[in-house]
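Undergrad: Got structure.cif for you, mmCIF, C-alpha atoms and all ligand atoms:
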```
data_target
#
loop_
_atom_site.group_PDB
_atom_site.id
_atom_site.type_symbol
_atom_site.label_atom_id
_atom_site.label_comp_id
_atom_site.auth_asym_id
_atom_site.auth_seq_id
_atom_site.Cartn_x
_atom_site.Cartn_y
_atom_site.Cartn_z
ATOM 1 C CA MET W 1 11.956 15.693 5.889
ATOM 2 C CA LYS W 2 8.932 14.440 4.027
ATOM 3 C CA PHE W 3 5.532 15.272 5.445
ATOM 4 C CA LEU W 4 3.070 12.415 5.272
ATOM 5 C CA SER W 5 -0.658 12.701 4.692
ATOM 6 C CA CYS W 6 -3.524 10.587 5.976
ATOM 7 C CA ALA W 7 -3.492 8.775 2.632
ATOM 8 C CA ASP W 8 0.130 7.743 3.235
ATOM 9 C CA TYR W 9 -0.817 6.272 6.588
ATOM 10 C CA LEU W 10 -3.755 4.395 5.042
ATOM 11 C CA SER W 11 -1.293 2.557 2.804
ATOM 12 C CA PRO W 12 -0.240 -0.780 4.327
ATOM 13 C CA ASP W 13 3.140 -0.353 2.650
ATOM 14 C CA LEU W 14 4.218 2.441 4.988
ATOM 15 C CA PRO W 15 6.956 1.106 7.278
ATOM 16 C CA VAL W 16 6.189 1.896 10.922
ATOM 17 C CA PRO W 17 8.096 0.981 14.090
ATOM 18 C CA GLY W 18 6.775 -1.977 16.087
ATOM 19 C CA GLY W 19 6.472 -2.354 19.834
ATOM 20 C CA SER W 20 3.803 -0.908 22.073
ATOM 21 C CA LEU W 21 1.539 1.800 20.770
ATOM 22 C CA PRO W 22 2.530 5.301 21.942
ATOM 23 C CA LEU W 23 -0.257 7.126 23.764
ATOM 24 C CA ASP W 24 -1.723 10.166 22.056
ATOM 25 C CA PRO W 25 -0.868 13.088 24.392
ATOM 26 C CA LEU W 26 -4.076 14.803 23.293
ATOM 27 C CA SER W 27 -6.331 11.891 24.200
ATOM 28 C CA ALA W 28 -6.198 13.053 27.840
ATOM 29 C CA CYS W 29 -7.983 16.268 26.827
ATOM 30 C CA ARG W 30 -10.490 14.702 24.468
ATOM 31 C CA PRO W 31 -11.468 11.031 24.257
ATOM 32 C CA GLU W 32 -10.633 9.323 21.005
ATOM 33 C CA PRO W 33 -13.490 8.292 18.723
ATOM 34 C CA GLN W 34 -13.842 4.522 18.487
ATOM 35 C CA PRO W 35 -14.296 2.817 15.122
ATOM 36 C CA ALA W 36 -17.821 1.534 14.528
ATOM 37 C CA GLU W 37 -18.031 -2.245 14.680
ATOM 38 C CA GLY W 38 -18.251 -3.915 11.298
ATOM 39 C CA CYS W 39 -17.443 -0.715 9.366
ATOM 40 C CA ARG W 40 -14.527 -1.231 6.990
ATOM 41 C CA ARG W 41 -13.937 2.480 6.570
ATOM 42 C CA CYS W 42 -13.711 3.009 10.328
ATOM 43 C CA ALA W 43 -11.395 0.017 10.658
ATOM 44 C CA ALA W 44 -9.122 1.451 7.962
ATOM 45 C CA LEU W 45 -9.121 4.874 9.616
ATOM 46 C CA ALA W 46 -8.344 3.388 13.044
ATOM 47 C CA ASP W 47 -5.552 1.361 11.444
ATOM 48 C CA GLY W 48 -4.074 4.479 9.858
ATOM 49 C CA ARG W 49 -4.398 6.279 13.183
ATOM 50 C CA ASP W 50 -2.395 3.536 14.881
ATOM 51 C CA ARG W 51 0.334 3.858 12.248
ATOM 52 C CA ALA W 52 0.422 7.612 12.775
ATOM 53 C CA LYS W 53 0.750 7.003 16.535
ATOM 54 C CA ARG W 54 3.718 4.711 15.972
ATOM 55 C CA MET W 55 5.334 7.510 13.961
ATOM 56 C CA ARG W 56 4.337 9.978 16.712
ATOM 57 C CA ASP W 57 2.723 12.108 14.012
ATOM 58 C CA TRP W 58 0.122 13.643 16.319
ATOM 59 C CA SER W 59 -1.296 16.128 13.821
ATOM 60 C CA ILE W 60 -2.186 13.199 11.560
ATOM 61 C CA VAL W 61 -3.628 11.309 14.549
ATOM 62 C CA THR W 62 -5.869 14.336 15.117
ATOM 63 C CA ASP W 63 -6.827 14.328 11.423
ATOM 64 C CA PHE W 64 -7.805 10.655 11.642
ATOM 65 C CA ASN W 65 -9.863 11.357 14.770
ATOM 66 C CA ILE W 66 -11.719 14.079 12.882
ATOM 67 C CA LEU W 67 -12.312 11.692 9.967
ATOM 68 C CA LEU W 68 -13.567 8.999 12.359
ATOM 69 C CA ARG W 69 -15.948 11.425 14.077
ATOM 70 C CA ALA W 70 -17.186 12.750 10.726
ATOM 71 C CA HIS W 71 -17.740 9.330 9.203
ATOM 72 C CA PRO W 72 -21.512 8.876 8.879
ATOM 73 C CA HIS W 73 -23.298 5.728 10.040
ATOM 74 C CA PRO W 74 -26.951 5.774 9.018
ATOM 75 C CA GLY W 75 -29.254 4.683 11.805
ATOM 76 C CA GLU W 76 -26.911 5.733 14.593
ATOM 77 C CA PRO W 77 -27.949 8.506 16.973
ATOM 78 C CA GLY W 78 -25.859 11.631 16.873
HETATM 79 ZN ZN ZN W 101 -17.523 3.887 9.886
#
```
Now, as a test, write the supplied structure out as structure tokens.
Ligand SMILES: [Zn+2]
TA:
Amino acid sequence: MKFLSCADYLSPDLPVPGGSLPLDPLSACRPEPQPAEGCRRCAALADGRDRAKRMRDWSIVTDFNILLRAHPHPGEPG
């Protein structure tokens, strides 16, 4: 089995199953970071996170959440 990285999930060429989005089992413990409005990087990260969810690759979903939280937005509090 091939292990995928965040970069693989950021590629639009990665085939992912359709249907409804599986719920991250970890999101019950810790709320997911939301992408900042109008930020292309956040939108790309959230997109990759959704692909990882469809593949039920929860360690990558966690990685994307870390990337989303760490992504700086000048002028925002926190
Ligand atoms: Zn952003």
Undergrad: Name the residues that the PyMOL selection byres (((chain W and resi 40-55) around 10) and not hetatm) picks from the file above, as an mmCIF file with C-alpha atoms, in the frame of the given file, using the file's chain letters and numbers.
TA:
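File expr_5.cif, as written:
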```
data_model
loop_
_atom_site.group_PDB
_atom_site.id
_atom_site.type_symbol
_atom_site.label_atom_id
_atom_site.label_comp_id
_atom_site.auth_asym_id
_atom_site.auth_seq_id
_atom_site.Cartn_x
_atom_site.Cartn_y
_atom_site.Cartn_z
ATOM 1 C CA LEU W 4 3.070 12.415 5.272
ATOM 2 C CA SER W 5 -0.658 12.701 4.692
ATOM 3 C CA CYS W 6 -3.524 10.587 5.976
ATOM 4 C CA ALA W 7 -3.492 8.775 2.632
ATOM 5 C CA ASP W 8 0.130 7.743 3.235
ATOM 6 C CA TYR W 9 -0.817 6.272 6.588
ATOM 7 C CA LEU W 10 -3.755 4.395 5.042
ATOM 8 C CA SER W 11 -1.293 2.557 2.804
ATOM 9 C CA PRO W 12 -0.240 -0.780 4.327
ATOM 10 C CA LEU W 14 4.218 2.441 4.988
ATOM 11 C CA PRO W 15 6.956 1.106 7.278
ATOM 12 C CA VAL W 16 6.189 1.896 10.922
ATOM 13 C CA PRO W 17 8.096 0.981 14.090
ATOM 14 C CA GLY W 18 6.775 -1.977 16.087
ATOM 15 C CA GLY W 19 6.472 -2.354 19.834
ATOM 16 C CA SER W 20 3.803 -0.908 22.073
ATOM 17 C CA LEU W 21 1.539 1.800 20.770
ATOM 18 C CA PRO W 22 2.530 5.301 21.942
ATOM 19 C CA LEU W 23 -0.257 7.126 23.764
ATOM 20 C CA ASP W 24 -1.723 10.166 22.056
ATOM 21 C CA PRO W 33 -13.490 8.292 18.723
ATOM 22 C CA GLN W 34 -13.842 4.522 18.487
ATOM 23 C CA PRO W 35 -14.296 2.817 15.122
ATOM 24 C CA ALA W 36 -17.821 1.534 14.528
ATOM 25 C CA GLU W 37 -18.031 -2.245 14.680
ATOM 26 C CA GLY W 38 -18.251 -3.915 11.298
ATOM 27 C CA CYS W 39 -17.443 -0.715 9.366
ATOM 28 C CA ARG W 56 4.337 9.978 16.712
ATOM 29 C CA ASP W 57 2.723 12.108 14.012
ATOM 30 C CA TRP W 58 0.122 13.643 16.319
ATOM 31 C CA SER W 59 -1.296 16.128 13.821
ATOM 32 C CA ILE W 60 -2.186 13.199 11.560
ATOM 33 C CA VAL W 61 -3.628 11.309 14.549
ATOM 34 C CA THR W 62 -5.869 14.336 15.117
ATOM 35 C CA ASP W 63 -6.827 14.328 11.423
ATOM 36 C CA PHE W 64 -7.805 10.655 11.642
ATOM 37 C CA ASN W 65 -9.863 11.357 14.770
ATOM 38 C CA LEU W 67 -12.312 11.692 9.967
ATOM 39 C CA LEU W 68 -13.567 8.999 12.359
ATOM 40 C CA ARG W 69 -15.948 11.425 14.077
ATOM 41 C CA HIS W 71 -17.740 9.330 9.203
ATOM 42 C CA PRO W 72 -21.512 8.876 8.879
ATOM 43 C CA HIS W 73 -23.298 5.728 10.040
#
```
Undergrad: Using all atoms listed in the file, pick whichever of W:Asp13, W:Pro25, W:Glu32, W:Glu76 has the shortest atom-to-atom distance to ligand ZN 101 (chain W).
TA: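 Using all atoms listed in the file, the shortest distance to ligand ZN 101 (chain W) belongs to W:Glu76.
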Undergrad: Where's the centre, and what are the edge lengths in Å to one decimal, of a box along x, y and z enclosing all listed atoms of region 9-19 of chain W padded 4 Å per side, as AutoDock Vina command-line options?
TA:
```
--center_x 2.2 --center_y 2.0 --center_z 11.2 --size_x 19.9 --size_y 16.6 --size_z 25.2
```
Undergrad: Find, counting only C-alpha atoms and all ligand atoms, the residue in W:Phe3, W:Ser27, W:Gly75, W:Ala70 that gets nearest to ligand ZN 101 (chain W).
TA: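 Looking only at the distances to ligand ZN 101 (chain W), the closest residue turns out to be W:Ala70.
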